[in-house]
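Visitor: Take this structure first; my questions come after.
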Amino acid sequence: MSKLDPWLARLSHLLPQHALSRVVHRLARIESSRLQPLLRAFVRRFGLNMDEAAEPDLTAYSSFNALFTRALREDARPLAGDANTVVSPADSRVSAAGRIEAGQIFQAKGHHYTVRELLGGEENLAEAFQIGHFVTLYLSPRHYHRLHMPMTGTLTHMIHVPGRLFSVAPRIVRHVPRLYARNERVVACFDTPVGPMAMALIGAQNVGSIETVWAGEVTPPHGREISVSEYPDRTVTLERGAEMGRFNLGSSVVLLLPDHPLKLADHLNPETEVQVRSALGQFY
């Protein structure tokens with residue numbers, strides 16, 4: 001931990017977070033063959049394994065966003081376990097994992113936040129997770145940015161909660177209280193064979209754009225009011241391991257699971273790297 005981290009966290013309060021993110025949103029979508037040297041430099045700097053990409057030829061990517069949201073080969077991330085295995089929704093690094101007790105979720109040493117505030121104050125949904133399990137995963141710029149289903153589920157509704165765009169880098173998360181409950185986020189809520197499941201897709205500095213496969217780009221635009229989207233005219237059911245959304249640049253996912261007997265994987269320690277579709281735990 002650097003002595004500069006608390007000062008960086010304080011500085012992040014002063015930044016025009018949404019304005020900066022809008023600029024990055026535009027820049028990342030500029031299409032030009034002249035970007036190739038920069039794309040190659042990015043691949044080298046962050047160690048992207050393009051052999052895993054469905055399209056390994058870097059010249060096929062005309063913008064940074066196309067590279068960030070690249071598809072992987074179908075065989076690059078095999079699906080672990082059986083129907084009772086909870087799999088990782090992302091290539092990512094574990095931030096925290098464990099039990100939800102009395103509606104409290106652990107963020108970092110000395111910091112907790114509540115299920116209720118993470119879910120935008122939705123009382124009935126929050127009640128379902130007063131006791132349960134959570135896994136928080138951090139996606140850095142080098143990670144694969146598409147998100148996949150941890151379990152087979154049927155979408156019940158989606159919540160968009162406006163908010164700040166603090167960086168979700170671990171050095172900032174340790175020093176900004178209730179960060180995940182303050183940042184802008186999209187919460188996708190599902191019914192699964194073991195009960196309700198919620199995936200909170202957390203916006204972050206330079207990551208003001210979150211998409212789902214059923215709604216397209218949810219953010220931006222940025223509103224001031226919490227909005228709830230339901231889909232009475234269609235049923236959205238996604239299989240375990242199927243793509244459900246994407247970040248346009250890295251961010252974090254807070255996965256909420258019901259109070260059903262679950263053995264979380266022994267390797268879910270902070271800073272552990274996990275791959276999409278690998279096992280996070282087993283319901284029994």
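Residues in the structure tokens are numbered from 1 in each chain, the chains being A, B, ... in the order shown, and ligands are numbered from 1 in the order shown.
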Using only C-alpha atoms, which protein or nucleic acid residues come within 8 Å of stretch 81-88 of chain A? Drop anything in the same chain fewer than 5 positions from it, and give the result as a list in words.
Guide: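 Everything that qualifies: His148, Met149, Pro150, Met151, Thr152, Arg240, Gly241, Val274, Gln275, Val276, Arg277, Ser278, Ala279, Leu280, Gly281, Gln282, Phe283 and Tyr284 of chain A.
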Visitor: Measuring atom to atom with only C-alpha atoms, identify which of A:Thr154, A:Thr237, A:Gln130, A:Thr212 is nearest to A:Asp259.
Guide: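 Result for the nearest residue to A:Asp259: A:Gln130.
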Visitor: Could you check the closest approach to A:Lys109 for each of A:Arg164, A:Leu67, A:Arg185, A:Val176 and tell me which residue wins, using only C-alpha atoms?
Guide: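 Among the listed residues, the smallest separation from A:Lys109 belongs to A:Val176.
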Visitor: Which residues are close to A:Thr192, i.e. within 6 Å by only C-alpha atoms, leaving aside same-chain residues fewer than 3 positions away? Reply as a compact mmCIF listing (two decimals) with C-alpha atoms, in the first residue's frame.
Guide:
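Listed below is the output, around-v8.txt:
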# COMPACT_ATOMS: atom_id res chain seq x y z
CA GLY A 153 -31.33 -17.25 -14.65
CA GLY A 195 -33.33 -18.24 -5.54
CA PRO A 196 -32.73 -14.60 -6.50
Visitor: Taking the backbone alone, and naming residues the way the document does, which bits of stretch 83-118 of chain A are strand (DSSP E) by DSSP, as an MDAnalysis selection string?
Guide: chainID A and resid 85:87 92:100 104:108 111:114
Visitor: Enumerate, as a PyMOL selection string, the complete set of residues in stretch 95-178 of chain A that a backbone-based DSSP assignment places in helix (DSSP H, G or I).
Guide: chain A and resi 115-118+123-128+170-173
Visitor: What would the file look like if the residues just selected were written as a CSV table (one decimal), in the first residue's frame with C-alpha atoms?
Guide:
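Result saved to out.csv:
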chain,number,residue,atom,x,y,z
A,115,VAL,CA,-27.3,-4.3,0.3
A,116,ARG,CA,-30.2,-1.8,0.4
A,117,GLU,CA,-28.1,1.1,-0.8
A,118,LEU,CA,-26.3,-1.0,-3.4
A,123,GLU,CA,-36.7,-2.7,-0.1
A,124,ASN,CA,-38.2,-6.0,-1.3
A,125,LEU,CA,-35.1,-7.0,-3.3
A,126,ALA,CA,-32.8,-5.9,-0.4
A,127,GLU,CA,-34.8,-8.1,2.0
A,128,ALA,CA,-33.9,-11.2,-0.1
A,170,PRO,CA,-8.0,-1.4,-5.2
A,171,ARG,CA,-5.8,1.5,-4.0
A,172,ILE,CA,-8.9,3.8,-4.2
A,173,VAL,CA,-11.4,1.2,-2.9
Visitor: At most 12 Å is the cut-off: for each residue in stretch 72-100 of chain A with any atom that close to an atom of stretch 47-50 of chain A, write down the nearest atom pair and the distance in Å rounded to one decimal, counting only C-alpha atoms, chain first then increasing number, as a Markdown table.
Guide:
| residue | atom | partner | partner_atom | distance |
| --- | --- | --- | --- | --- |
| A:Leu72 | CA | A:Met50 | CA | 8.8 |
| A:Arg73 | CA | A:Met50 | CA | 10.0 |
| A:Ala76 | CA | A:Asn49 | CA | 10.8 |
| A:Asp91 | CA | A:Leu48 | CA | 12.0 |
Visitor: Let me see the file: selected residues, N, CA, C and O atoms, as a PDB file, in the first residue's frame.
Guide:
ATOM      1  N   LEU A  72     -13.759 -13.570 -27.134  1.00  0.00           N
ATOM      2  CA  LEU A  72     -12.774 -14.636 -27.003  1.00  0.00           C
ATOM      3  C   LEU A  72     -13.207 -15.848 -27.826  1.00  0.00           C
ATOM      4  O   LEU A  72     -14.391 -16.025 -28.132  1.00  0.00           O
ATOM      5  N   ARG A  73     -12.235 -16.680 -28.173  1.00  0.00           N
ATOM      6  CA  ARG A  73     -12.559 -17.960 -28.771  1.00  0.00           C
ATOM      7  C   ARG A  73     -13.461 -18.732 -27.818  1.00  0.00           C
ATOM      8  O   ARG A  73     -13.285 -18.679 -26.589  1.00  0.00           O
ATOM      9  N   ALA A  76     -11.722 -20.834 -25.282  1.00  0.00           N
ATOM     10  CA  ALA A  76     -10.700 -20.186 -24.448  1.00  0.00           C
ATOM     11  C   ALA A  76     -11.074 -20.193 -22.976  1.00  0.00           C
ATOM     12  O   ALA A  76     -10.199 -20.105 -22.107  1.00  0.00           O
ATOM     13  N   ASP A  91     -13.277 -12.312 -16.446  1.00  0.00           N
ATOM     14  CA  ASP A  91     -11.846 -12.347 -16.179  1.00  0.00           C
ATOM     15  C   ASP A  91     -11.567 -11.182 -15.241  1.00  0.00           C
ATOM     16  O   ASP A  91     -11.883 -10.025 -15.566  1.00  0.00           O
TER      17      ASP A  91
END
Visitor: A:Ser251: which residues within 10 Å, counting only C-alpha atoms, same-chain residues fewer than 2 positions away excluded, as JSON, numbers by chain?
Guide: {"A": [92, 137, 138, 139, 140, 141, 143, 145, 167, 168, 169, 201, 202, 203, 204, 205, 206, 207, 208, 210, 246, 247, 248, 249, 253]}
Visitor: Tell me which protein, DNA and RNA residues are within 6 Å of A:Ala200, counting only C-alpha atoms, leaving out same-chain ones fewer than 6 positions away, and put them as a PyMOL selection string.
Guide: chain A and resi 186-187+253-254
Visitor: So which one's closest to A:Gly121, A:Thr156, A:Ser227, A:Thr136, A:Thr219? Using only C-alpha atoms, please.
Guide: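 When distances to A:Gly121 are compared using only C-alpha atoms, the smallest one comes from A:Ser227.
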Visitor: Could you tell me how far atom CA of A:Val161 sits from atom CA of A:Trp214, in Å to one decimal place?
Guide: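 Atom-to-atom, atom CA of A:Trp214 to atom CA of A:Val161, that is 17.7 Å.
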Visitor: How many Å lie between atom CA of A:His260 and atom CA of A:Ile100, rounded to one decimal?
Guide: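 We find that atom CA of A:His260 and atom CA of A:Ile100 lie 11.8 Å from each other.
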Visitor: For atom CA of A:Glu74 and atom CA of A:Val213, quote the distance in Å rounded to one decimal.
Guide: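 Separation of atom CA of A:Glu74 and atom CA of A:Val213: 17.5 Å.
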Visitor: Find the residue from A:His111, A:Arg99, A:Arg40, A:Arg182 that sits nearest to A:Pro261; use only C-alpha atoms when measuring.
Guide: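 With only C-alpha atoms as the atom set, the closest residue is A:Arg99.
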